[in-house]
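S.K.: Would you mind keeping the following structure in view while I ask a few things?
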Amino acid sequence: MDKQENNHFNNYELSDTILSALKVLGYQTPTEIQKSVIPVMLSGANVLSKAPTGSGKTAAFAIPVCENVIWEENLPQALILEPTRELTEQVRDEVFFIGRLKRLKVAAVYGGFPIDKQIQTLKQKSHIIVGTPGRVMDHIRRETLKLSQVRWVVIDEADLMLDMGFADEVKEILAQVPEHAGISLFSATLKPEICRLTEGFMQEAVTVACDAQQEEEPAIEQKLYETEPDDKYDTFIRALKLENPESAIIFCGTREMVNVLFQKLRRNRIFCGMLHGDMEQKERLKTVNAFRRGGFRFLIATDVAARGIDFKDITHVFNYDFPTGRETYVHRIGRTGRNGKTGTAVSLVCEEDLRMLKMVEEFTGRTFEIGKCPEVEQAAEKKFWASQRAKTEVKTQNGSGFTKEIMRLSIGGGRKSKIRANDIVATICSIEGVEVTDIGIIDIRDSLSYVEILNRKGALVLEALQNKTLKGKVRKVKSVRAPGMI
């Protein structure tokens with residue numbers, strides 16, 4: 001990469017392993033927020049950042065954190081706080097991929113999953129912890145999460161953190177980290193109450209403001225259709241057929257409405273998925289991953305999906321229920337028209353929504369025309385149903401480029417077989433042509449162990465381990481997918 005302009009990642013003082021990972025992930029030109037935040041965090045300064053969703057802020061803090069983490073240290077060195085479970089998984093994956101060639105262990109902790117499994121993970125080497133405030137505090141109280149070596153704390157989506165009532169937990173966590181730890185806060189807005197989150201904990205922060213909203217807004221065509229409550233579903237179906245989206249998020253105001261609309265569409269043989277807070281956590285993550293990889297084209301969701309969760313290449317957003325907040329409207333339609341692409345936002349407006357629409361107009365500085373949704377002509381009808389029958393294209397997953405360099409192996413046997421990381425390292429290093437630097441992240445569980453083999457030596461190790469003994473026994477070894485590559 002050339003160094004003529006200050007817009008490439010190799011202009012920063014980053015190690016070859018981090019630069020190589022960024023290249024595999026397709027990072028070439030830093031976004032505005034990355035240009036502003038990366039050098040400040042690399043210098044060790046605290047950051048107070050106004051950064052809207054979709055601006056690239058995760059990489060902005062993940063790159064300097066991964067760069068500064070020391071591999072040899074066993075206790076966590078960085079703590080990233082997220083308001084929701086889905087965001088925790090998403091950010092964990094991105095941080096994991098950025099630090100992957102550096103062999104960094106990134107653990108996710110949040111409610112909805114058995115805490116004993118998380119405790120077993122935290123007993124192993126973990127360089128970076130990503131978690132929700134409630135579950136992080138739970139681990140701190142149980143003394144299963146030790147913060148004595150934490151040098152970086154990131155509070156992500158701080159405005160949503162406040163909305164969800166996590167202010168006390170965040171302050172309690174900040175009181176537990178060492179005084180010398182750097183603290184960075186990222187939020188879509190920097191209202192006084194958000195800045196007060198870190199009051200007394202973060203001094204001399206560099207304030208960074210990146211307002212991408214105005215840049216992105218013209219990329220989104222906004223259509224508003226009037227409807228009566230009793231006719232809303234029919235109006236929506238007409239709009240859906242007319243637009244015939246490649247990939248769409250359909251927002252409803254309540255969990256109950258998500259369920260109702262999901263059932264109605266399924267009865268009409270329109271395949272879709274749904275996402276709301278009453279679903280089991282495993283089901284929610286399964287839905288998010290299925291939608292990301294193109295398992296279905298339409299996702300019906302409450303506003304849990306409007307904030308932070310990154311779905312690539314969304315062509316349309318539908319407001320089946322008009323949002324009840326001005327900023328919610330902006331967050332919802334911001335799911336489309338991202339990264340230089342265009343998108344369409346379609347909103348259904350009942351008479352009871354007109355007051356909120358007026359507030360949205362004042363907030364965005366735009367005036368919207370409300371029209372009637374046209375009837376669907378036969379050609380459009382046929383095209384819609386043909387696309388419904390067509391097989392969806394599987395989307396490339398983030399981090400898939402690592403598969404050429406890295407192979408993840410599962411080994412039959414774990415803690416119950418008294419297998420330790422040193423046992424796995426010794427066995428693999430006994431293979432001719434393999435060195436300790438070829439061994440990546442090791443994750444030992446009750447009955448299984450996982451190890452990543454670097455430098456394109458996975459096939460060699462996989463073949464050799466079929467006949468080698470580990471703890472006095474030949475183990476079943478096979479290649480498996482890595483986290484985030486479902």
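Starting from 1 in every chain, residues are counted up; chains themselves are A, B, ... following the order of the structure tokens, and ligands are numbered from 1 as listed.
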Mind checking which residues fall within 9 Å of region 12-21 of chain A, counting only C-alpha atoms, ignoring those fewer than 2 positions away in the same chain, and posting them as a list of chain:residue names?

M.R.: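 Residues near the query, excluding close chain neighbours: A:Asn6, A:His8, A:Phe9, A:Asn10, A:Lys23, A:Val24, A:Leu25, A:Gly26, A:Tyr27, A:Ile38, A:Pro39, A:Leu42, A:Ile63, A:Pro64, A:Cys66, A:Glu67, A:Phe97, A:Ile98, A:Gly99, A:Arg100, A:Leu101, A:Lys102, A:Phe402.
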
S.K.: Can you pull out every residue within 10 Å of region 282-288 of chain A, counting only C-alpha atoms, but drop anything in the same chain fewer than 3 positions away, and send it as a ChimeraX atom specification?

M.R.: /A:85-86,89-90,112-113,272-279,291-293,295-296,299,305,309-311,486

S.K.: Selected residues, N, CA, C and O atoms, written as a compact mmCIF listing (two decimals), in the first residue's frame, please.

M.R.:
```
# COMPACT_ATOMS: atom_id res chain seq x y z
N ARG A 85 -26.89 -8.45 24.08
CA ARG A 85 -26.21 -9.72 23.82
C ARG A 85 -25.78 -9.82 22.37
O ARG A 85 -24.69 -10.31 22.06
N GLU A 86 -26.67 -9.38 21.45
CA GLU A 86 -26.33 -9.47 20.03
C GLU A 86 -25.12 -8.61 19.69
O GLU A 86 -24.24 -9.02 18.92
N GLU A 89 -21.89 -10.33 20.86
CA GLU A 89 -21.42 -11.35 19.92
C GLU A 89 -20.79 -10.71 18.69
O GLU A 89 -19.73 -11.14 18.22
N GLN A 90 -21.45 -9.68 18.16
CA GLN A 90 -20.96 -9.02 16.95
C GLN A 90 -19.59 -8.39 17.17
O GLN A 90 -18.68 -8.57 16.36
N GLY A 112 -28.38 -15.14 29.54
CA GLY A 112 -29.10 -15.97 28.59
C GLY A 112 -28.36 -17.26 28.26
O GLY A 112 -28.95 -18.16 27.67
N PHE A 113 -27.08 -17.34 28.62
CA PHE A 113 -26.29 -18.56 28.44
C PHE A 113 -25.79 -19.02 29.81
O PHE A 113 -25.58 -18.20 30.71
N CYS A 272 -39.50 -15.76 6.00
CA CYS A 272 -38.86 -14.67 6.73
C CYS A 272 -38.39 -15.19 8.08
O CYS A 272 -38.66 -16.33 8.47
N GLY A 273 -37.68 -14.34 8.81
CA GLY A 273 -37.26 -14.65 10.17
C GLY A 273 -37.74 -13.54 11.09
O GLY A 273 -38.21 -12.50 10.64
N MET A 274 -37.66 -13.78 12.40
CA MET A 274 -38.07 -12.73 13.35
C MET A 274 -37.08 -12.63 14.49
O MET A 274 -36.37 -13.59 14.82
N LEU A 275 -37.06 -11.44 15.10
CA LEU A 275 -36.10 -11.16 16.17
C LEU A 275 -36.75 -10.23 17.19
O LEU A 275 -37.16 -9.12 16.86
N HIS A 276 -36.86 -10.70 18.42
CA HIS A 276 -37.36 -9.85 19.51
C HIS A 276 -36.88 -10.39 20.85
O HIS A 276 -36.32 -11.48 20.95
N GLY A 277 -37.10 -9.62 21.91
CA GLY A 277 -36.52 -9.90 23.20
C GLY A 277 -37.07 -11.10 23.93
O GLY A 277 -36.44 -11.60 24.87
N ASP A 278 -38.26 -11.60 23.56
CA ASP A 278 -38.84 -12.75 24.25
C ASP A 278 -38.28 -14.09 23.76
O ASP A 278 -38.54 -15.13 24.34
N MET A 279 -37.53 -14.05 22.66
CA MET A 279 -36.98 -15.28 22.10
C MET A 279 -35.82 -15.77 22.96
O MET A 279 -35.12 -14.98 23.60
N PHE A 291 -29.71 -14.75 8.94
CA PHE A 291 -30.00 -13.58 8.10
C PHE A 291 -28.72 -13.03 7.49
O PHE A 291 -28.69 -12.65 6.31
N ARG A 292 -27.65 -13.02 8.27
CA ARG A 292 -26.37 -12.51 7.76
C ARG A 292 -25.85 -13.33 6.59
O ARG A 292 -25.27 -12.79 5.65
N ARG A 293 -26.02 -14.63 6.66
CA ARG A 293 -25.46 -15.47 5.59
C ARG A 293 -26.45 -15.65 4.43
O ARG A 293 -26.14 -16.36 3.47
N GLY A 295 -29.78 -16.76 4.66
CA GLY A 295 -30.71 -17.88 4.80
C GLY A 295 -32.14 -17.51 4.49
O GLY A 295 -32.95 -18.34 4.08
N PHE A 296 -32.50 -16.23 4.69
CA PHE A 296 -33.80 -15.70 4.30
C PHE A 296 -33.62 -14.21 4.00
O PHE A 296 -32.66 -13.59 4.43
N LEU A 299 -36.28 -9.93 7.53
CA LEU A 299 -36.21 -10.09 8.98
C LEU A 299 -37.20 -9.12 9.63
O LEU A 299 -37.11 -7.91 9.45
N ALA A 305 -33.04 -4.64 16.90
CA ALA A 305 -32.18 -4.77 15.72
C ALA A 305 -31.84 -3.43 15.08
O ALA A 305 -31.07 -3.37 14.15
N ILE A 309 -26.49 -3.57 15.71
CA ILE A 309 -26.26 -4.81 14.99
C ILE A 309 -26.02 -4.51 13.52
O ILE A 309 -26.82 -3.82 12.89
N ASP A 310 -24.95 -5.00 12.98
CA ASP A 310 -24.55 -4.67 11.61
C ASP A 310 -24.94 -5.78 10.65
O ASP A 310 -24.38 -6.87 10.68
N PHE A 311 -25.93 -5.49 9.83
CA PHE A 311 -26.31 -6.40 8.74
C PHE A 311 -25.87 -5.74 7.44
O PHE A 311 -26.31 -4.63 7.13
N ILE A 486 -20.28 -18.89 10.85
CA ILE A 486 -21.34 -19.91 10.89
C ILE A 486 -21.96 -20.06 9.51
O ILE A 486 -22.17 -19.08 8.83
```

S.K.: Taking only C-alpha atoms into account, produce a table as a Markdown table in which each residue of region 87-128 of chain A with an atom at most 12 Å from an atom of region 425-447 of chain A appears once, together with its shortest atom pair and the distance in Å to one decimal, ordered by chain and rising number.

M.R.:
```
| residue | atom | partner | partner_atom | distance |
| --- | --- | --- | --- | --- |
| A:Phe96 | CA | A:Ile441 | CA | 10.3 |
| A:Phe97 | CA | A:Ile441 | CA | 11.6 |
| A:Gly99 | CA | A:Ile441 | CA | 10.5 |
| A:Arg100 | CA | A:Ile441 | CA | 8.0 |
| A:Leu101 | CA | A:Gly440 | CA | 7.6 |
| A:Lys102 | CA | A:Gly440 | CA | 8.0 |
| A:Arg103 | CA | A:Gly440 | CA | 5.1 |
| A:Leu104 | CA | A:Ile441 | CA | 6.9 |
| A:Lys105 | CA | A:Ile441 | CA | 6.5 |
| A:Val106 | CA | A:Ile441 | CA | 9.7 |
| A:Ala107 | CA | A:Asp443 | CA | 10.6 |
| A:Asp116 | CA | A:Asp446 | CA | 11.3 |
| A:Lys117 | CA | A:Arg445 | CA | 8.6 |
| A:Gln118 | CA | A:Arg445 | CA | 10.5 |
| A:Ile119 | CA | A:Arg445 | CA | 11.0 |
| A:Gln120 | CA | A:Arg445 | CA | 7.5 |
| A:Thr121 | CA | A:Arg445 | CA | 7.8 |
| A:Leu122 | CA | A:Asp443 | CA | 10.7 |
| A:Lys123 | CA | A:Ile444 | CA | 10.1 |
| A:Gln124 | CA | A:Asp443 | CA | 7.8 |
| A:Lys125 | CA | A:Asp443 | CA | 8.9 |
| A:Ser126 | CA | A:Asp443 | CA | 10.0 |
| A:His127 | CA | A:Ile441 | CA | 11.0 |
```

S.K.: Take the residues just selected and output them with N, CA and C atoms as a CSV table (one decimal), in the first residue's frame.

M.R.:
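What landed in part08.csv:
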```csv
chain,number,residue,atom,x,y,z
A,96,PHE,N,-12.1,-10.4,17.6
A,96,PHE,CA,-11.4,-11.7,17.4
A,96,PHE,C,-10.7,-11.7,16.1
A,97,PHE,N,-11.4,-11.3,15.0
A,97,PHE,CA,-10.7,-11.4,13.7
A,97,PHE,C,-9.6,-10.4,13.6
A,99,GLY,N,-7.6,-9.4,15.9
A,99,GLY,CA,-6.5,-9.9,16.7
A,99,GLY,C,-6.1,-11.4,16.4
A,100,ARG,N,-6.7,-12.0,15.4
A,100,ARG,CA,-6.6,-13.4,15.2
A,100,ARG,C,-5.2,-13.8,14.9
A,101,LEU,N,-4.5,-13.1,14.0
A,101,LEU,CA,-3.1,-13.5,13.7
A,101,LEU,C,-2.1,-13.2,14.8
A,102,LYS,N,-2.6,-12.4,15.7
A,102,LYS,CA,-1.8,-12.2,16.9
A,102,LYS,C,-2.1,-13.2,18.0
A,103,ARG,N,-3.0,-14.1,17.7
A,103,ARG,CA,-3.4,-15.2,18.6
A,103,ARG,C,-4.1,-14.8,19.8
A,104,LEU,N,-4.9,-13.7,19.7
A,104,LEU,CA,-5.6,-13.1,20.9
A,104,LEU,C,-6.8,-13.9,21.2
A,105,LYS,N,-7.1,-14.2,22.5
A,105,LYS,CA,-8.3,-14.9,23.0
A,105,LYS,C,-9.3,-13.8,23.4
A,106,VAL,N,-10.4,-13.8,22.8
A,106,VAL,CA,-11.5,-12.8,23.0
A,106,VAL,C,-12.7,-13.6,23.5
A,107,ALA,N,-13.1,-13.3,24.8
A,107,ALA,CA,-14.3,-14.0,25.4
A,107,ALA,C,-15.5,-13.1,25.5
A,116,ASP,N,-21.8,-21.2,34.1
A,116,ASP,CA,-20.7,-22.1,34.4
A,116,ASP,C,-19.8,-22.3,33.2
A,117,LYS,N,-20.4,-22.3,32.0
A,117,LYS,CA,-19.6,-22.4,30.8
A,117,LYS,C,-18.7,-21.2,30.6
A,118,GLN,N,-19.2,-20.0,30.9
A,118,GLN,CA,-18.4,-18.8,30.8
A,118,GLN,C,-17.3,-18.8,31.9
A,119,ILE,N,-17.6,-19.3,33.0
A,119,ILE,CA,-16.6,-19.4,34.1
A,119,ILE,C,-15.4,-20.3,33.6
A,120,GLN,N,-15.8,-21.4,33.0
A,120,GLN,CA,-14.7,-22.3,32.5
A,120,GLN,C,-13.8,-21.6,31.4
A,121,THR,N,-14.5,-20.8,30.6
A,121,THR,CA,-13.8,-20.0,29.6
A,121,THR,C,-12.8,-19.0,30.2
A,122,LEU,N,-13.3,-18.3,31.3
A,122,LEU,CA,-12.6,-17.3,31.9
A,122,LEU,C,-11.4,-17.8,32.7
A,123,LYS,N,-11.5,-19.1,33.0
A,123,LYS,CA,-10.3,-19.8,33.8
A,123,LYS,C,-9.1,-19.9,32.8
A,124,GLN,N,-9.4,-19.9,31.5
A,124,GLN,CA,-8.3,-20.0,30.6
A,124,GLN,C,-7.8,-18.6,30.3
A,125,LYS,N,-6.6,-18.6,29.6
A,125,LYS,CA,-6.1,-17.3,29.1
A,125,LYS,C,-7.1,-16.5,28.3
A,126,SER,N,-7.5,-15.3,28.7
A,126,SER,CA,-8.4,-14.5,27.9
A,126,SER,C,-7.8,-13.1,27.9
A,127,HIS,N,-7.5,-12.6,26.7
A,127,HIS,CA,-6.8,-11.3,26.6
A,127,HIS,C,-7.8,-10.1,26.6
```

S.K.: What does the distance between CA of Arg389 (chain A) and CA of Lys241 (chain A) come to in Å, to one decimal place?

M.R.: 13.7 Å

S.K.: Between CA of Val477 (chain A) and CA of Gly413 (chain A), what is the distance in Å, rounded to a tenth?

M.R.: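 Result for CA of Val477 (chain A) versus CA of Gly413 (chain A): 9.7 Å, one decimal.
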
S.K.: Choose the residue, out of A:Thr342, A:Thr207, A:Thr235, A:Ser187, that has the smallest atom-to-atom separation from Gly371 (chain A); count only C-alpha atoms.

M.R.: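 Distance minimum relative to Gly371 (chain A) lands on A:Thr235.
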
S.K.: Please indicate the distance in Å from CA of Gly54 (chain A) to CA of Ala219 (chain A), rounded to one decimal place.

M.R.: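 Distance between the two atoms: 13.6 Å.
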